[in-house]
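Student: Please find one structure pasted underneath; my questions will follow.
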Amino acid sequence: MKVLGGWTSQAACRIPTSRVTTQGRNTTHMATVANRSAPALDFSTFGKATELKKRLLFTMGALIVFRLLSFVPLPGIDPLALEALFSRTHGGVLDYVNTFSGGALQRMSIIALNIMPYITASIIVQLMTSLVPSFESLKKEGESGRKKLNQYTRFGTVLLTAVQGYGIAVGLESWGGGQTAVIDPGMIFRLTTVITLIGGTLFLMWLGEQITSRGIGNGISLIIMAGIVAHLPTSLGGLFEQMRSGAIGGGYVILLLVGAIAVIAFICFMERAQRRILIQYPKRQVGNRTFQGDSSHLPLKINTAGVIPPIFASSLLLMPLTLVQFLGKNGGHWYSEGLITVSTALQRGAPLYLALYAAGIIFFSFFYTAVVFNPEETADNLKKYGGFIPGRRPGQQTAQYLDFVLTRLTVIGAAYLTFVCLLPEFLQGQGAVNFYFGGTSLLIVVNVTMDTVSQIQSHLLAHQYEGLIKRSKLRGARR
């Protein structure tokens with residue numbers, strides 16, 4: 001299951017290029033021209049790619065709808081009281097959740113939970129495909145099994161949204177000290193809040209699927225990125241306000257911004273880094289003709305899992321922390337003291353939070369890599385098409401070698417993700433800088449931007465190929 005646009009490797013199975021049909025003269029000429037034009041690909045042909053323009057306009061329209069919904073509040077909320085309540089928890093986990101929702105949680109809009117319940121449900125379903133035999137068999141059934149797993153994910157999304165929505169409703173009714181952000185507390189408000197939040201989350205899930213199928217890029221990824229980017233001006237404004245008030249120095253702010261640029265460059269470098277494994281194809285004899293062997297490369301990215309591990313790890317931490325942050329404020333309940341203790345121990349920058357976050361990133365790095373890349377399947381495909389790795393026997397030895405290389409690449413990738421995601425958390429915990437555009441946010445924005453630009457370039461290249469095919473057909477007709 002592909003949730004957030006992770007990279008999926010395919011076997012490098014290529015038929016030798018010597019195999020050309022009698023109609024291959026025009027085709028070879030067309031491919032040569034296309035190969036020359038690919039490195040010089042630019043956006044000058046954008047005006048002629050009508051299909052690409054339609055997809056971009058649809059994507060922009062869907063993201064505008066998402067931003068408008070973030071300003072539609074839940075029914076029965078007192079905005080002034082809500083602002084006062086959130087000011088009391090400034091610097092806590094709710095600010096972190098609010099960053100991913102683009103401010104929707106702070107305004108308590110109908111999409112306050114954003115798409116996070118869907119991501120958490122996807123995590124649970126993917127884990128079950130590896131642990132539960134019945135789910136594992138569904139995964140192997142192909143398209144029909146994938147539809148059933150998606151259905152289970154949607155059911156899980158509804159359940160998680162209902163639980164989180166009820167916790168939020170209870171927390172808003174009684175925040176401690178007799179304060180409330182609800183005009184008319186009661187069961188009607190709780191029921192209305194749960195139903196509204198379920199509807200908002202399911203609509204975002206549907207909107208993300210529509211962007212994926214009819215727009216550009218992965219819809220769920222773009223929705224999360226849009227929320228983060230929309231909250232960026234607020235984060236920068238808060239940072240400069242701290243500098244103006246004297247809470248932090250100007251030199252520290254400059255150092256922080258330079259560090260953010262350096263982290264972006266480091267992310268771009270690591271996301272493009274790959275290990276290229278040489279694939280050889282032997283000589284072939286067809287009738288009386290002998291074709292020379294060919295070679296190719298199997299690219300293995302250092303960060304095969306992409307942005308999935310920090311998203312999954314943060315989702316698993318933020319789901320219970322959100323409930324703890326709301327329910328723990330109700331001082332009149334027997335569970336309040338325990339929830340407050342848990343909330344304190346899991347505050348951002350706390351040792352327990354950093355340890356659990358790092359463990360989650362490392363675990364999901366290996367888990368998701370195992371999901372998207374199967375060394376045995378890749379080795380079988382290479383053997384089927386006659387390809388082999390020099391010095392390795394086709395079949396089991398090739399699979400073991402690929403697993404050996406991939407495991408060591410994943411160690412480097414997991415260390416890279418852990419460093420990028422924990423560095424801002426550590427700095428914020430030590431320096432008390434409330435700047436939430438941190439490592440995870442940068443990682444998401446850079447990865448989604450690179451993936452979207454790559455898809456746009458693919459559409460432009462496909463448009464150039466279509467023009468070459470038309471010109472090739474015209475030449476063939478003239479002859």
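Naming works like this for the structure tokens: A, B, ... for the chains as they're shown, residue 1 at the start of each chain, ligands 1 onward in shown order.
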As an MDAnalysis selection string, please: every residue in range 221-322 of chain A that DSSP puts in alpha helix (DSSP H).
Tutor: chainID A and resid 221:245 250:272 308:322
Student: Near Met225 in chain A, within 9 Å and counting only C-alpha atoms, which residues show up once chain neighbours fewer than 2 positions away are dropped, as a PyMOL selection string?
Tutor: chain A and resi 100+102+220-223+227-230+441+444-445+448-449
Student: Got time to write the residues from that selection, C-alpha atoms, as a compact mmCIF listing (two decimals), in the first residue's frame?
Tutor:
```
# COMPACT_ATOMS: atom_id res chain seq x y z
CA PHE A 100 0.61 19.69 10.26
CA GLY A 102 -2.10 24.34 8.85
CA ILE A 220 -2.23 12.78 0.83
CA SER A 221 1.35 14.07 0.71
CA LEU A 222 0.29 17.35 -0.90
CA ILE A 223 -2.44 17.93 1.71
CA GLY A 227 -0.82 22.48 5.87
CA ILE A 228 2.85 22.78 6.80
CA VAL A 229 3.60 25.50 4.24
CA ALA A 230 0.47 27.45 5.23
CA SER A 441 8.41 19.38 8.27
CA ILE A 444 8.08 16.30 4.09
CA VAL A 445 8.16 19.56 2.13
CA VAL A 448 6.94 16.06 -1.74
CA THR A 449 8.28 18.99 -3.79
```
Student: Of the candidates A:Ser144, A:Thr201, A:Ser213, A:Thr59, which shows the shortest atom-to-atom distance to Ser101 in chain A, using only C-alpha atoms?
Tutor: A:Thr201
Student: Measure the distance from CA of Leu298 in chain A to CA of Thr378 in chain A in Å and round it to one decimal.
Tutor: 9.8 Å
Student: Rank nothing, just name the residue among A:Thr192, A:Ala262, A:Thr452, A:Leu69 nearest to Asn218 in chain A, using only C-alpha atoms.
Tutor: A:Thr452
Student: Go through range 106-326 of chain A and collect every residue that DSSP, computed from the backbone, puts in strand (DSSP E); the answer should be as a PyMOL selection string.
Tutor: chain A and resi 274-281+284-286+289-291+294-301
Student: Identify which of the residues A:Tyr353, A:Asn303, A:Gly391, A:Arg244 lies closest to Phe366 in chain A, counting only C-alpha atoms when measuring atom-to-atom distances.
Tutor: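 Distance minimum relative to Phe366 in chain A lands on A:Asn303.
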Student: Tell me, in Å to one decimal, how far CA of Ile362 in chain A is from CA of Gln126 in chain A.
Tutor: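 The value is 16.3 Å.
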Student: Between A:Pro79, A:Tyr118, A:Leu149, A:Val194, single out the one closest to Val170 in chain A, counting only C-alpha atoms.
Tutor: A:Val194
Student: Using only C-alpha atoms, which residue out of A:Met128, A:Ala414, A:Gly217, A:Gln179 lies closest to Ser454 in chain A?
Tutor: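 Answer, going by the shortest atom-to-atom distance: A:Gly217.
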Student: Excluding Thr153 in chain A and residues on its chain fewer than 4 positions from it, collect all residues at most 10 Å away from it, counting only C-alpha atoms, and give them as a JSON list (two decimals) with N, CA and C atoms, in the first residue's frame.
Tutor:
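Below is the file out25.json, written as the result:
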```json
[["chain", "number", "residue", "atom", "x", "y", "z"],
["A", 117, "PRO", "N", -5.61, 10.65, 11.20],
["A", 117, "PRO", "CA", -6.25, 9.36, 11.49],
["A", 117, "PRO", "C", -6.14, 8.35, 10.35],
["A", 118, "TYR", "N", -6.20, 8.84, 9.11],
["A", 118, "TYR", "CA", -6.06, 7.95, 7.96],
["A", 118, "TYR", "C", -4.66, 7.36, 7.89],
["A", 119, "ILE", "N", -3.65, 8.19, 8.18],
["A", 119, "ILE", "CA", -2.27, 7.70, 8.17],
["A", 119, "ILE", "C", -2.06, 6.66, 9.27],
["A", 120, "THR", "N", -2.61, 6.94, 10.47],
["A", 120, "THR", "CA", -2.48, 5.98, 11.56],
["A", 120, "THR", "C", -3.16, 4.66, 11.22],
["A", 121, "ALA", "N", -4.35, 4.73, 10.62],
["A", 121, "ALA", "CA", -5.05, 3.51, 10.20],
["A", 121, "ALA", "C", -4.25, 2.75, 9.14],
["A", 122, "SER", "N", -3.59, 3.47, 8.24],
["A", 122, "SER", "CA", -2.76, 2.83, 7.23],
["A", 122, "SER", "C", -1.58, 2.11, 7.87],
["A", 123, "ILE", "N", -1.00, 2.72, 8.91],
["A", 123, "ILE", "CA", 0.09, 2.06, 9.63],
["A", 123, "ILE", "C", -0.38, 0.73, 10.21],
["A", 124, "ILE", "N", -1.53, 0.76, 10.86],
["A", 124, "ILE", "CA", -2.04, -0.45, 11.51],
["A", 124, "ILE", "C", -2.31, -1.54, 10.48],
["A", 125, "VAL", "N", -2.93, -1.18, 9.35],
["A", 125, "VAL", "CA", -3.24, -2.17, 8.32],
["A", 125, "VAL", "C", -1.96, -2.75, 7.72],
["A", 126, "GLN", "N", -0.96, -1.91, 7.48],
["A", 126, "GLN", "CA", 0.30, -2.41, 6.92],
["A", 126, "GLN", "C", 1.02, -3.33, 7.90],
["A", 147, "LYS", "N", -8.16, -3.66, -2.64],
["A", 147, "LYS", "CA", -9.42, -2.94, -2.38],
["A", 147, "LYS", "C", -9.97, -3.28, -0.99],
["A", 148, "LYS", "N", -9.85, -4.54, -0.59],
["A", 148, "LYS", "CA", -10.33, -4.92, 0.74],
["A", 148, "LYS", "C", -9.48, -4.26, 1.83],
["A", 149, "LEU", "N", -8.17, -4.23, 1.62],
["A", 149, "LEU", "CA", -7.30, -3.57, 2.60],
["A", 149, "LEU", "C", -7.59, -2.07, 2.68],
["A", 157, "THR", "N", -10.02, 4.43, 9.90],
["A", 157, "THR", "CA", -9.99, 5.90, 9.94],
["A", 157, "THR", "C", -11.22, 6.44, 10.67],
["A", 158, "VAL", "N", -12.38, 5.89, 10.38],
["A", 158, "VAL", "CA", -13.61, 6.33, 11.04],
["A", 158, "VAL", "C", -13.53, 6.07, 12.54],
["A", 159, "LEU", "N", -13.05, 4.89, 12.92],
["A", 159, "LEU", "CA", -12.97, 4.54, 14.34],
["A", 159, "LEU", "C", -12.00, 5.45, 15.08]]
```
Student: Which residues, written as an MDAnalysis selection string, have at least one atom at most 9 Å from Ile456 in chain A, with only C-alpha atoms counted and residues fewer than 6 positions away on the same chain left out?
Tutor: chainID A and resid 52 56 216:217
Student: For Phe367 in chain A, which residue among A:Ser130, A:Ser109, A:Thr196, A:Thr180 is the nearest when counting only C-alpha atoms?
Tutor: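 Smallest distance to Phe367 in chain A is found for A:Ser130.
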Student: List the neighbours of Pro394 in chain A out to 9 Å using only C-alpha atoms; skip same-chain residues closer than 5 positions along the sequence, and give me the result as a list in words.
Tutor: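 My reading of the contact set: Ala379, Asp380, Leu382, Lys383, Gly386, Gly387, Phe388, Ile389 and Ala399 of chain A.
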